[in-house]
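Dropping input-v5.txt in here (compact mmCIF, C-alpha atoms):
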# COMPACT_ATOMS: atom_id res chain seq x y z
CA MET A 19 -12.19 22.69 29.90
CA THR A 20 -9.02 22.32 27.85
CA TYR A 21 -8.02 25.18 25.57
CA ILE A 22 -6.54 22.92 22.93
CA GLU A 23 -5.89 25.75 20.48
CA ASN A 24 -3.57 27.30 23.10
CA VAL A 25 -1.83 23.94 23.53
CA PHE A 26 -1.47 23.75 19.76
CA VAL A 27 0.11 27.22 19.55
CA CYS A 28 2.45 26.30 22.39
CA ILE A 29 3.70 23.15 20.64
CA ALA A 30 3.60 24.34 17.04
CA GLY A 31 5.46 27.62 17.85
CA PRO A 32 8.90 26.12 18.54
CA LEU A 33 8.48 23.65 15.68
CA LEU A 34 7.66 26.46 13.28
CA LEU A 35 10.68 28.47 14.41
CA ALA A 36 12.92 25.42 14.14
CA THR A 37 11.74 24.91 10.54
CA PHE A 38 13.45 28.15 9.46
CA PHE A 39 16.79 27.07 10.92
CA MET A 40 16.78 23.46 9.75
CA GLY A 41 16.86 24.18 6.04
CA LYS A 42 14.76 23.16 3.05
CA LYS A 43 15.54 19.46 3.43
CA TYR A 44 13.52 19.24 6.65
CA TYR A 45 10.53 21.41 5.64
CA GLY A 46 8.47 18.31 4.86
CA VAL A 47 9.03 16.69 8.27
CA PHE A 48 7.97 19.82 10.16
CA PHE A 49 5.09 20.47 7.78
CA PHE A 50 3.63 16.98 8.37
CA CYS A 51 4.25 17.21 12.10
CA ILE A 52 2.28 20.45 12.34
CA ALA A 53 -0.33 19.13 9.87
CA GLY A 54 -0.88 16.04 12.04
CA MET A 55 -1.38 18.12 15.19
CA GLY A 56 -3.54 20.59 13.27
CA ALA A 57 -5.68 17.69 12.03
CA CYS A 58 -6.12 16.57 15.64
CA LEU A 59 -7.13 20.10 16.71
CA LEU A 60 -9.64 20.44 13.87
CA SER A 61 -10.97 16.93 14.54
CA ALA A 62 -11.89 17.99 18.06
CA TYR A 63 -13.96 20.89 16.69
CA VAL A 64 -15.60 18.82 13.95
CA ASN A 65 -16.34 15.96 16.39
CA THR A 66 -18.07 18.36 18.77
CA PHE A 67 -20.04 19.88 15.88
CA PHE A 68 -21.34 16.52 14.64
CA ALA A 69 -22.03 15.26 18.17
CA LYS A 70 -24.24 18.31 18.75
CA LEU A 71 -25.83 18.06 15.29
CA TYR A 72 -26.79 14.39 15.71
CA ASN A 73 -27.52 14.79 19.42
CA ALA A 74 -25.13 11.91 20.08
CA ASP A 75 -24.27 10.68 23.57
CA PHE A 76 -20.67 9.93 24.65
CA ILE A 77 -20.69 6.30 23.46
CA ASN A 78 -22.16 7.07 20.05
CA ALA A 79 -19.81 10.02 19.60
CA THR A 80 -16.70 7.96 20.38
CA THR A 81 -17.71 4.81 18.51
CA GLN A 82 -19.28 6.34 15.43
CA ILE A 83 -18.41 10.00 14.91
CA ALA A 84 -14.80 10.27 16.15
CA PRO A 85 -13.29 7.44 14.03
CA VAL A 86 -14.77 8.81 10.79
CA VAL A 87 -13.84 12.44 11.47
CA GLU A 88 -10.32 11.70 12.76
CA GLU A 89 -9.34 9.36 9.93
CA ILE A 90 -10.68 11.75 7.28
CA MET A 91 -8.83 14.68 8.90
CA LYS A 92 -5.61 12.66 8.98
CA LEU A 93 -5.97 11.81 5.30
CA LEU A 94 -6.58 15.39 4.11
CA PRO A 95 -2.98 16.73 4.43
CA LEU A 96 -1.74 13.55 2.77
CA LEU A 97 -4.16 13.85 -0.12
CA PHE A 98 -2.94 17.42 -0.60
CA TYR A 99 0.65 16.16 -0.64
CA LEU A 100 -0.15 13.32 -3.05
CA LEU A 101 -2.16 15.43 -5.46
CA ILE A 102 0.07 18.51 -5.54
CA PHE A 103 3.60 17.14 -5.14
CA GLU A 104 3.21 13.63 -6.63
CA PRO A 105 5.94 12.24 -4.33
CA LYS A 106 8.02 9.07 -4.60
CA PRO A 107 6.62 5.95 -2.82
CA LYS A 108 9.21 6.05 0.00
CA LYS A 109 8.28 9.63 0.86
CA ILE A 110 4.57 8.74 1.10
CA ASN A 111 5.33 6.18 3.83
CA ILE A 112 7.25 8.67 5.96
CA ALA A 113 4.64 11.42 5.49
CA VAL A 114 1.74 9.17 6.57
CA LEU A 115 3.57 7.95 9.67
CA ILE A 116 4.66 11.46 10.75
CA VAL A 117 1.06 12.69 10.46
CA ALA A 118 -0.19 9.69 12.49
CA VAL A 119 2.48 10.06 15.20
CA SER A 120 1.98 13.80 15.63
CA PHE A 121 -1.80 13.32 15.70
CA ALA A 122 -1.47 10.68 18.45
CA THR A 123 1.05 12.80 20.39
CA PHE A 124 -1.15 15.90 20.36
CA GLU A 125 -4.17 13.83 21.39
CA ASN A 126 -2.18 12.33 24.28
CA ILE A 127 -0.98 15.78 25.43
CA CYS A 128 -4.57 17.08 25.50
CA TYR A 129 -5.65 13.94 27.34
CA LEU A 130 -2.93 14.39 29.97
CA ILE A 131 -3.83 18.06 30.50
CA GLU A 132 -7.47 17.13 31.06
CA ASN A 133 -6.98 13.96 33.16
CA GLY A 134 -3.61 14.45 34.85
CA ALA A 135 -0.51 12.31 34.68
CA ALA A 136 -0.59 10.74 38.14
CA GLN A 137 -1.42 7.14 37.17
CA LEU A 138 1.46 5.58 35.27
CA SER A 139 -0.41 2.35 34.47
CA PHE A 140 -3.24 4.28 32.80
CA ILE A 141 -0.79 6.43 30.86
CA LEU A 142 1.02 3.34 29.64
CA VAL A 143 -2.28 1.91 28.40
CA ARG A 144 -3.04 5.24 26.74
CA GLY A 145 0.39 5.44 25.11
CA PHE A 146 0.62 1.86 23.87
CA GLY A 147 -3.10 1.53 23.19
CA THR A 148 -4.54 4.67 21.62
CA GLY A 149 -1.14 5.93 20.46
CA ALA A 150 -0.37 2.62 18.80
CA MET A 151 -3.85 2.51 17.27
CA HIS A 152 -3.18 5.77 15.37
CA ILE A 153 0.14 4.38 14.19
CA VAL A 154 -1.55 1.17 12.96
CA CYS A 155 -4.20 3.21 11.11
CA GLY A 156 -1.37 5.28 9.60
CA ALA A 157 0.54 2.12 8.67
CA ILE A 158 -2.57 0.61 7.00
CA ALA A 159 -2.85 3.77 4.93
CA SER A 160 0.86 4.28 4.21
CA TYR A 161 1.82 0.78 3.07
CA SER A 162 -1.25 0.48 0.86
CA LEU A 163 -1.37 4.08 -0.43
CA VAL A 164 2.05 3.56 -1.98
CA TYR A 165 0.63 0.66 -4.02
CA VAL A 166 -2.72 2.30 -4.73
CA TRP A 167 -1.24 5.58 -6.06
CA GLN A 168 1.01 3.72 -8.49
CA HIS A 169 -2.04 2.36 -10.35
CA SER A 170 -4.38 4.91 -11.92
CA TRP A 171 -7.29 2.41 -12.11
CA LEU A 172 -7.13 1.89 -8.36
CA LYS A 173 -6.62 5.48 -7.11
CA VAL A 174 -10.20 6.54 -6.25
CA ALA A 175 -11.66 3.23 -5.08
CA GLY A 176 -8.40 2.25 -3.37
CA THR A 177 -8.05 5.49 -1.40
CA PHE A 178 -11.68 5.26 -0.33
CA GLY A 179 -11.24 1.59 0.59
CA LEU A 180 -8.15 2.32 2.69
CA LEU A 181 -9.95 5.15 4.43
CA GLY A 182 -12.79 2.72 5.15
CA ALA A 183 -10.36 0.10 6.53
CA ALA A 184 -8.63 2.64 8.80
CA ILE A 185 -12.00 3.98 10.02
CA ILE A 186 -13.28 0.47 10.82
CA PHE A 187 -10.09 -0.42 12.74
CA HIS A 188 -10.32 2.83 14.72
CA ALA A 189 -14.08 2.36 15.30
CA ILE A 190 -13.69 -1.24 16.49
CA TYR A 191 -10.96 -0.13 18.92
CA ASN A 192 -13.21 2.63 20.31
CA LEU A 193 -16.21 0.27 20.36
CA LEU A 194 -14.41 -2.36 22.45
CA ILE A 195 -13.17 0.29 24.91
CA ALA A 196 -16.62 1.87 25.20
CA HIS A 197 -18.10 -1.52 26.03
CA GLY A 198 -15.77 -1.86 29.03
CA GLY A 199 -15.05 -5.03 31.00
CA LEU A 200 -12.85 -7.69 29.44
CA THR A 201 -13.36 -6.37 25.91
CA GLN A 202 -11.49 -3.14 26.68
CA TYR A 203 -8.33 -5.17 27.42
CA ILE A 204 -8.73 -6.84 24.03
CA ALA A 205 -8.93 -3.33 22.56
CA TYR A 206 -5.78 -2.14 24.33
CA SER A 207 -3.81 -5.13 23.06
CA LEU A 208 -5.30 -4.98 19.53
CA PRO A 209 -3.00 -2.28 18.02
CA VAL A 210 0.21 -3.78 19.41
CA LEU A 211 -0.85 -7.28 18.31
CA THR A 212 -1.72 -5.96 14.84
CA MET A 213 1.68 -4.26 14.64
CA ILE A 214 3.47 -7.51 15.58
CA ILE A 215 1.42 -9.57 13.08
CA GLY A 216 2.07 -6.94 10.39
CA LYS A 217 5.82 -7.03 11.11
CA VAL A 218 5.90 -10.86 10.97
CA ILE A 219 3.96 -10.96 7.66
CA ASN A 220 6.22 -8.24 6.24
CA GLY A 221 9.30 -10.19 7.37
CA ILE A 222 8.05 -13.42 5.76
CA TYR A 223 7.18 -11.57 2.53
CA LYS A 224 10.61 -9.89 2.38
CA SER A 225 12.50 -13.12 3.13
CA LYS A 226 10.60 -14.89 0.32
CA HIS A 227 11.06 -12.16 -2.28
CA TYR A 228 14.57 -10.97 -1.48
CA ALA A 229 16.17 -14.31 -0.54
CA MET S 19 -31.36 -13.66 17.72
CA ILE S 20 -32.16 -13.99 14.00
CA GLU S 21 -30.44 -10.63 13.34
CA LEU S 22 -27.28 -11.81 15.06
CA LEU S 23 -27.35 -15.09 13.13
CA ASP S 24 -27.90 -13.18 9.90
CA ASN S 25 -25.00 -10.78 10.63
CA PHE S 26 -22.59 -13.49 11.77
CA SER S 27 -23.36 -15.69 8.75
CA GLN S 28 -22.78 -12.77 6.38
CA LEU S 29 -19.55 -11.91 8.18
CA LEU S 30 -18.31 -15.49 7.90
CA ILE S 31 -19.28 -15.81 4.23
CA THR S 32 -17.63 -12.53 3.23
CA LEU S 33 -14.53 -13.42 5.28
CA LEU S 34 -14.24 -16.75 3.43
CA ALA S 35 -14.81 -14.99 0.11
CA THR S 36 -12.09 -12.42 0.96
CA ILE S 37 -9.63 -15.21 1.78
CA GLY S 38 -10.61 -17.12 -1.39
CA ALA S 39 -10.21 -14.07 -3.63
CA GLY S 40 -6.94 -13.17 -1.86
CA ILE S 41 -5.52 -16.65 -2.53
CA LEU S 42 -6.55 -16.40 -6.19
CA PHE S 43 -4.77 -13.03 -6.48
CA TYR S 44 -1.64 -14.36 -4.72
CA LYS S 45 -1.48 -17.35 -7.08
CA ARG S 46 -2.33 -15.70 -10.40
CA ARG S 47 -1.54 -11.97 -9.94
CA VAL S 48 -4.60 -10.91 -11.96
CA GLN S 49 -5.86 -7.34 -11.43
CA ALA S 50 -9.51 -8.51 -11.31
CA TYR S 51 -8.80 -10.77 -8.31
CA LEU S 52 -7.20 -7.89 -6.39
CA LEU S 53 -10.31 -5.79 -6.99
CA LEU S 54 -12.51 -8.71 -5.97
CA THR S 55 -10.47 -9.17 -2.75
CA CYS S 56 -10.86 -5.45 -2.00
CA PHE S 57 -14.60 -5.64 -2.71
CA PHE S 58 -15.11 -8.58 -0.34
CA GLY S 59 -12.65 -7.17 2.22
CA THR S 60 -14.32 -3.77 2.54
CA PHE S 61 -17.78 -5.35 2.59
CA MET S 62 -16.60 -7.74 5.32
CA LEU S 63 -15.10 -4.88 7.39
CA GLY S 64 -18.37 -2.95 7.25
CA THR S 65 -20.28 -6.06 8.34
CA LEU S 66 -17.70 -6.73 11.09
CA TYR S 67 -18.26 -3.32 12.71
CA TRP S 68 -22.05 -3.59 12.27
CA THR S 69 -22.12 -7.09 13.83
CA LEU S 70 -19.79 -6.16 16.72
CA HIS S 71 -21.86 -3.09 17.51
CA PHE S 72 -25.04 -5.13 17.54
CA TYR S 73 -23.43 -7.92 19.58
CA LEU S 74 -21.97 -5.59 22.23
CA PHE S 75 -24.71 -2.95 22.51
CA ASN S 76 -27.83 -4.81 21.25
CA TYR S 77 -28.63 -2.14 18.68
CA THR S 78 -27.26 -1.29 15.25
CA PRO S 79 -25.20 1.92 14.76
CA GLN S 80 -27.58 4.68 13.73
CA VAL S 81 -25.83 7.98 14.39
CA PHE S 82 -23.02 8.26 11.85
CA TYR S 83 -21.48 6.52 8.83
CA VAL S 84 -18.90 3.88 9.81
CA SER S 85 -20.01 0.64 8.16
CA GLU S 86 -21.66 2.68 5.43
CA LEU S 87 -18.31 4.11 4.32
CA ALA S 88 -16.89 0.61 3.99
CA TRP S 89 -19.93 -0.48 1.98
CA ILE S 90 -19.61 2.56 -0.30
CA ALA S 91 -15.95 1.61 -0.83
CA SER S 92 -16.98 -1.96 -1.67
CA SER S 93 -19.44 -0.66 -4.31
CA MET S 94 -16.61 1.45 -5.76
CA PHE S 95 -14.41 -1.65 -6.03
CA LEU S 96 -17.25 -3.57 -7.72
CA LEU S 97 -17.72 -0.76 -10.23
CA THR S 98 -13.96 -0.69 -10.92
CA LEU S 99 -13.99 -4.49 -11.30
CA GLU S 100 -16.80 -4.29 -13.86
CA TYR S 101 -14.97 -1.59 -15.77
CA THR S 102 -11.74 -3.63 -15.72
CA LEU S 103 -13.42 -6.78 -17.02
CA SER S 104 -15.35 -5.09 -19.83
CA THR S 105 -13.85 -5.08 -23.33
CA PRO S 106 -13.58 -1.91 -25.48
CA ASP S 107 -16.43 -3.18 -27.68
CA GLU S 108 -18.61 -3.77 -24.66
CA LYS S 109 -17.96 -0.22 -23.45
CA LYS S 110 -19.21 1.13 -26.80
CA PHE S 111 -22.27 -1.15 -26.81
CA ARG S 112 -25.67 0.58 -26.32
CA HIS S 113 -29.07 -1.00 -25.63
CA PRO S 114 -32.37 0.61 -24.50
CA ALA S 115 -32.86 -2.09 -21.82
CA VAL S 116 -30.29 -0.35 -19.58
CA TRP S 117 -32.90 2.36 -18.91
CA LEU S 118 -34.74 -0.25 -16.84
CA VAL S 119 -32.07 0.34 -14.17
CA PRO S 120 -33.06 3.93 -13.28
CA ILE S 121 -36.75 2.98 -13.66
CA PHE S 122 -36.24 0.28 -11.01
CA CYS S 123 -33.86 2.23 -8.76
CA ILE S 124 -35.02 5.86 -8.68
CA PRO S 125 -38.49 5.28 -7.14
CA GLN S 126 -36.82 3.24 -4.40
CA LEU S 127 -34.19 5.93 -3.89
CA ILE S 128 -37.01 8.42 -3.29
CA LEU S 129 -38.45 6.03 -0.70
CA TYR S 130 -35.06 5.79 1.07
CA LEU S 131 -34.65 9.56 1.03
CA LEU S 132 -38.02 9.88 2.75
CA HIS S 133 -37.12 7.24 5.36
CA GLY S 134 -33.41 7.64 5.96
CA ASP S 135 -30.22 9.60 5.51
CA ILE S 136 -29.96 11.76 2.37
CA LEU S 137 -26.19 11.79 1.76
CA PHE S 138 -25.57 8.07 2.27
CA ASN S 139 -28.59 7.01 0.22
CA LEU S 140 -27.65 9.30 -2.67
CA LEU S 141 -24.09 7.94 -2.68
CA ILE S 142 -24.90 4.24 -2.35
CA CYS S 143 -27.86 4.33 -4.75
CA GLY S 144 -25.84 6.32 -7.31
CA LEU S 145 -23.03 3.78 -7.13
CA THR S 146 -25.30 0.71 -7.24
CA MET S 147 -27.20 2.22 -10.18
CA ALA S 148 -23.90 2.67 -12.05
CA VAL S 149 -22.96 -0.95 -11.24
CA ALA S 150 -26.39 -2.22 -12.38
CA TRP S 151 -26.18 -0.11 -15.56
CA HIS S 152 -22.80 -1.67 -16.44
CA SER S 153 -23.91 -5.22 -15.65
CA THR S 154 -27.20 -4.93 -17.61
CA ARG S 155 -25.28 -3.69 -20.64
CA GLY S 156 -22.61 -6.36 -20.08
CA LEU S 157 -25.20 -9.13 -19.75
CA ILE S 158 -26.95 -8.25 -23.03
CA TYR S 159 -23.57 -7.89 -24.75
CA ALA S 160 -22.25 -11.22 -23.39
CA ARG S 161 -25.38 -13.11 -24.42
CA ARG S 162 -24.82 -11.95 -28.01
CA GLN S 163 -21.32 -13.38 -28.03
CA SER S 164 -20.26 -16.94 -28.70
CA GLY S 165 -17.60 -19.17 -27.19
CA GLU S 166 -15.67 -18.19 -24.06
CA GLN S 167 -16.80 -14.54 -24.19
CA ARG S 168 -20.32 -15.74 -23.37
CA ALA S 169 -19.10 -16.90 -19.92
CA MET S 170 -19.05 -13.24 -18.85
CA GLN S 171 -22.86 -13.45 -18.53
CA TYR S 172 -22.59 -15.38 -15.25
CA PHE S 173 -20.58 -12.58 -13.67
CA HIS S 174 -23.12 -9.96 -14.77
CA ILE S 175 -26.06 -12.13 -13.62
CA VAL S 176 -24.55 -12.47 -10.12
CA VAL S 177 -23.77 -8.73 -9.92
CA LEU S 178 -27.35 -7.89 -10.96
CA LEU S 179 -28.67 -10.38 -8.41
CA ILE S 180 -26.59 -8.70 -5.67
CA ILE S 181 -27.93 -5.25 -6.62
CA ILE S 182 -31.57 -6.44 -6.81
CA LEU S 183 -31.25 -8.17 -3.42
CA GLU S 184 -29.65 -5.07 -1.89
CA TYR S 185 -32.58 -2.92 -3.07
CA CYS S 186 -35.09 -5.49 -1.76
CA LEU S 187 -33.18 -5.49 1.54
CA TRP S 188 -33.18 -1.69 1.88
CA THR S 189 -36.85 -1.44 0.86
CA SER S 190 -37.87 -4.09 3.39
CA SER S 191 -35.89 -2.23 6.07
CA CYS S 192 -38.17 0.79 5.47
CA PHE S 193 -41.17 -1.37 6.50
CA TRP S 194 -39.73 -3.19 9.50
CA ILE S 195 -42.12 -5.96 10.60
CA SER S 196 -40.44 -7.75 13.48
CA ASP S 197 -37.17 -9.17 14.80
CA THR S 198 -38.25 -12.71 13.88
CA TYR S 199 -37.73 -14.92 10.83
CA THR S 200 -41.11 -13.75 9.45
CA ASN S 201 -39.42 -10.47 8.48
CA PRO S 202 -38.50 -10.64 4.75
CA TYR S 203 -35.46 -8.43 5.50
CA PHE S 204 -33.57 -11.38 6.97
CA TRP S 205 -34.40 -13.67 4.05
CA PHE S 206 -33.17 -11.07 1.58
CA ASP S 207 -30.00 -10.70 3.65
CA PHE S 208 -29.41 -14.47 3.75
CA LEU S 209 -29.88 -14.59 -0.03
CA LEU S 210 -27.52 -11.63 -0.40
CA SER S 211 -24.83 -13.49 1.55
CA VAL S 212 -25.18 -16.50 -0.77
CA SER S 213 -25.11 -14.36 -3.91
CA LEU S 214 -22.04 -12.48 -2.61
CA PHE S 215 -20.19 -15.77 -2.32
CA ALA S 216 -21.37 -16.77 -5.80
CA LEU S 217 -19.46 -13.78 -7.16
CA LEU S 218 -16.18 -15.61 -6.51
CA PRO S 219 -16.72 -18.49 -9.01
CA ALA S 220 -18.53 -16.11 -11.39
CA THR S 221 -15.49 -13.78 -11.49
CA LYS S 222 -13.20 -16.79 -11.95
CA LYS S 223 -15.25 -17.73 -15.03
CA ALA S 224 -15.22 -14.13 -16.30
CA VAL S 225 -11.43 -13.83 -15.92
CA GLY S 226 -11.01 -17.10 -17.84
CA ALA S 227 -13.26 -15.83 -20.65

Final structure tokens representation of the file:
Amino acid sequence: MTYIENVFVCIAGPLLLATFFMGKKYYGVFFFCIAGMGACLLSAYVNTFFAKLYNADFINATTQIAPVVEEIMKLLPLLFYLLIFEPKPKKINIAVLIVAVSFATFENICYLIENGAAQLSFILVRGFGTGAMHIVCGAIASYSLVYVWQHSWLKVAGTFGLLGAAIIFHAIYNLLIAHGGLTQYIAYSLPVLTMIIGKVINGIYKSKHYA
Amino acid sequence: MIELLDNFSQLLITLLATIGAGILFYKRRVQAYLLLTCFFGTFMLGTLYWTLHFYLFNYTPQVFYVSELAWIASSMFLLTLEYTLSTPDEKKFRHPAVWLVPIFCIPQLILYLLHGDILFNLLICGLTMAVAWHSTRGLIYARRQSGEQRAMQYFHIVVLLIIILEYCLWTSSCFWISDTYTNPYFWFDFLLSVSLFALLPATKKAVGA
């Protein structure tokens, strides 16, 4: 059994203390870092609750419950930020990515505590697979949220649509891993491939519009 | 086998429709095409997960809402699209025929609540009822217009067709007969795929109106 709340206290403590010394300018970075890890901690509780409620086995819990719960939990601190502070587009991007990175980092730490860190190959897969998947989901949300929140007619449907897209990406990744065999290798390469394709498309778009 | 064929064909059709609507938006930069792309895209994503789950595990996802969330999002985009395309006069227009929508939908909603999940059914039926309400009103309004404005009727007809087929699909899923082509569920789903694709030219006509 992993006492993830203890792990959370252990990691969030120094960050919280550092916040006081870094000055107002960096409050946001630390806030989103702690919010991302907090979202991961709460996701674990909510996942367990729903798995018990629906009497779901391991495969159903990872392929159906976890993606929905985790993506919603990741979006909540951002929605709070968007609704209360009405930030500039550039700040939204950074906030979404910090939440996604800290979520993935905390999840990886808990995974390492539970499973050990002896096998480097498995940890590499974990880091560049699951870690990258959270970043891709964050990137899907961040790049599009900036556009969506600039248009009042698109806010509600757009946010919901982006949440749906991120959930489906996460769920497909978990689904392919749960199936095992060759498909799990497709899953591990999916986030990195998506990131590369996204970068290429972004590069082409920028070269066309800013040439 | 028929279920897999049905799912794959719907996935392919919605993927093609997403690409088509995306190209239209890229070329013309019209708000309606962006909403249409989002509608097809989210619908396609929901179908993609559903199809993959069925293909890999031989059963459809039944524990939690993954595809359902994407489908709810697609209904939201369709509702936003309808609102965007309607004129101020159309928004003010009232006709008693719109009450046929709740008369048709609510009894079926009660059936779904008895057979399936409460939260999802309330959300999706509420949204589809709102879409059907708008398109019924829009259809009557468009048919009273002349010239290019009348072309809006095709868009509303296709939207109504999609909603009716979705209700037929959900109702037939409550009385599952078999996994063969004799099950009306598959025929409604095939028809739904065709009518989904028909929304692309219908929206093109509505945007031109």

Problem set entry | Counting all atoms listed in the file, chain S residues within 10 Å of chain A, as number ranges by chain | S: 49, 52-53, 56-57, 59-61, 63-68, 70-71, 74-75, 79-99, 101-102

For this session: For CA of Val114 in chain A and CA of Ser160 in chain A, determine how far apart the two atoms are, in Å to one decimal place.
Result: 5.5 Å

Problem set entry | Contacts of range 208-217 of chain S at 10 Å (only C-alpha atoms; same-chain gap of 4+ positions) as a ChimeraX atom specification | /S:23-25,27-36,38-39,54,58,61,172-184,186-187,202-204,221-223

For this session: Quick one: pull the distance between CA of Phe122 in chain S and CA of Thr146 in chain S, Å, one decimal.
Result: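 These two atoms are separated by 11.6 Å.
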
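CA of Trp188 in chain S lies 14.0 Å from CA of Met147 in chain S.
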
For this session: May I have the protein, DNA and RNA residues with any atom at most 10 Å from the point (-3.0, -0.3, 22.1), counting only C-alpha atoms, written as a list in words?
Result: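 Output: Leu142, Val143, Arg144, Gly145, Phe146, Gly147, Thr148, Gly149, Ala150, Met151, His152, Ile153, Val154, Tyr191, Tyr203, Ile204, Ala205, Tyr206, Ser207, Leu208, Pro209, Val210, Leu211, Thr212 and Met213 of chain A.
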
Problem set entry | Top pick for closest residue to His113 in chain S, considering S:Gly134, S:Gly144, S:Gly156, S:Gly165 and counting all atoms listed in the file | S:Gly156

Exercise. Can you tell me, as a list in words, what residues are no more than 6 Å from range 53-58 of chain A when counting all atoms listed in the file, ignoring any on the same chain fewer than 2 positions away?
Worked result: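 So, after excluding close chain neighbours, the residues are Phe49, Phe50, Cys51, Leu60, Ser61, Met91, Lys92, Val117, Ser120, Phe121 and Phe124 of chain A.
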
For this session: Find, counting all atoms listed in the file, the residue in S:Thr105, S:Tyr159, S:Phe72, S:Leu132 that gets nearest to Leu22 in chain S.
Result: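 For Leu22 in chain S, the nearest of the given residues is S:Phe72.
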
Range 158-167 of chain S: axis-aligned bounding box, 5 Å on each side, centre and edge lengths in Å, one decimal, as JSON:
{"center_x": -21.3, "center_y": -13.5, "center_z": -25.9, "size_x": 21.3, "size_y": 21.3, "size_z": 15.7}

Repaired coordinates for range 151-167 of chain A (N, CA and C atoms) as an mmCIF file, keeping the file's coordinate frame:
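What follows is the written file result.cif:
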data_model
loop_
_atom_site.group_PDB
_atom_site.id
_atom_site.type_symbol
_atom_site.label_atom_id
_atom_site.label_comp_id
_atom_site.auth_asym_id
_atom_site.auth_seq_id
_atom_site.Cartn_x
_atom_site.Cartn_y
_atom_site.Cartn_z
ATOM 1 N N MET A 151 -2.721 2.656 18.203
ATOM 2 C CA MET A 151 -3.850 2.510 17.270
ATOM 3 C C MET A 151 -3.720 3.515 16.107
ATOM 4 N N HIS A 152 -3.345 4.766 16.442
ATOM 5 C CA HIS A 152 -3.180 5.770 15.370
ATOM 6 C C HIS A 152 -2.033 5.391 14.437
ATOM 7 N N ILE A 153 -0.990 4.797 15.014
ATOM 8 C CA ILE A 153 0.140 4.380 14.190
ATOM 9 C C ILE A 153 -0.291 3.244 13.247
ATOM 10 N N VAL A 154 -1.077 2.289 13.799
ATOM 11 C CA VAL A 154 -1.550 1.170 12.960
ATOM 12 C C VAL A 154 -2.426 1.698 11.821
ATOM 13 N N CYS A 155 -3.336 2.625 12.156
ATOM 14 C CA CYS A 155 -4.200 3.210 11.110
ATOM 15 C C CYS A 155 -3.330 3.906 10.065
ATOM 16 N N GLY A 156 -2.299 4.609 10.526
ATOM 17 C CA GLY A 156 -1.370 5.280 9.600
ATOM 18 C C GLY A 156 -0.627 4.271 8.759
ATOM 19 N N ALA A 157 -0.208 3.164 9.401
ATOM 20 C CA ALA A 157 0.540 2.120 8.670
ATOM 21 C C ALA A 157 -0.345 1.465 7.614
ATOM 22 N N ILE A 158 -1.620 1.209 7.976
ATOM 23 C CA ILE A 158 -2.570 0.610 7.000
ATOM 24 C C ILE A 158 -2.608 1.511 5.765
ATOM 25 N N ALA A 159 -2.751 2.826 6.043
ATOM 26 C CA ALA A 159 -2.850 3.770 4.930
ATOM 27 C C ALA A 159 -1.535 3.884 4.165
ATOM 28 N N SER A 160 -0.410 3.999 4.899
ATOM 29 C CA SER A 160 0.860 4.280 4.210
ATOM 30 C C SER A 160 1.311 3.136 3.317
ATOM 31 N N TYR A 161 1.322 1.911 3.862
ATOM 32 C CA TYR A 161 1.820 0.780 3.070
ATOM 33 C C TYR A 161 0.950 0.550 1.834
ATOM 34 N N SER A 162 -0.364 0.768 1.986
ATOM 35 C CA SER A 162 -1.250 0.480 0.860
ATOM 36 C C SER A 162 -1.364 1.663 -0.093
ATOM 37 N N LEU A 163 -1.266 2.894 0.451
ATOM 38 C CA LEU A 163 -1.370 4.080 -0.430
ATOM 39 C C LEU A 163 -0.260 4.077 -1.479
ATOM 40 N N VAL A 164 0.919 3.612 -1.058
ATOM 41 C CA VAL A 164 2.050 3.560 -1.980
ATOM 42 C C VAL A 164 1.676 2.704 -3.194
ATOM 43 N N TYR A 165 1.037 1.559 -2.935
ATOM 44 C CA TYR A 165 0.630 0.660 -4.020
ATOM 45 C C TYR A 165 -0.511 1.274 -4.827
ATOM 46 N N VAL A 166 -1.514 1.776 -4.084
ATOM 47 C CA VAL A 166 -2.720 2.300 -4.730
ATOM 48 C C VAL A 166 -2.402 3.464 -5.675
ATOM 49 N N TRP A 167 -1.518 4.382 -5.247
ATOM 50 C CA TRP A 167 -1.240 5.580 -6.060
ATOM 51 C C TRP A 167 -0.274 5.310 -7.206
#
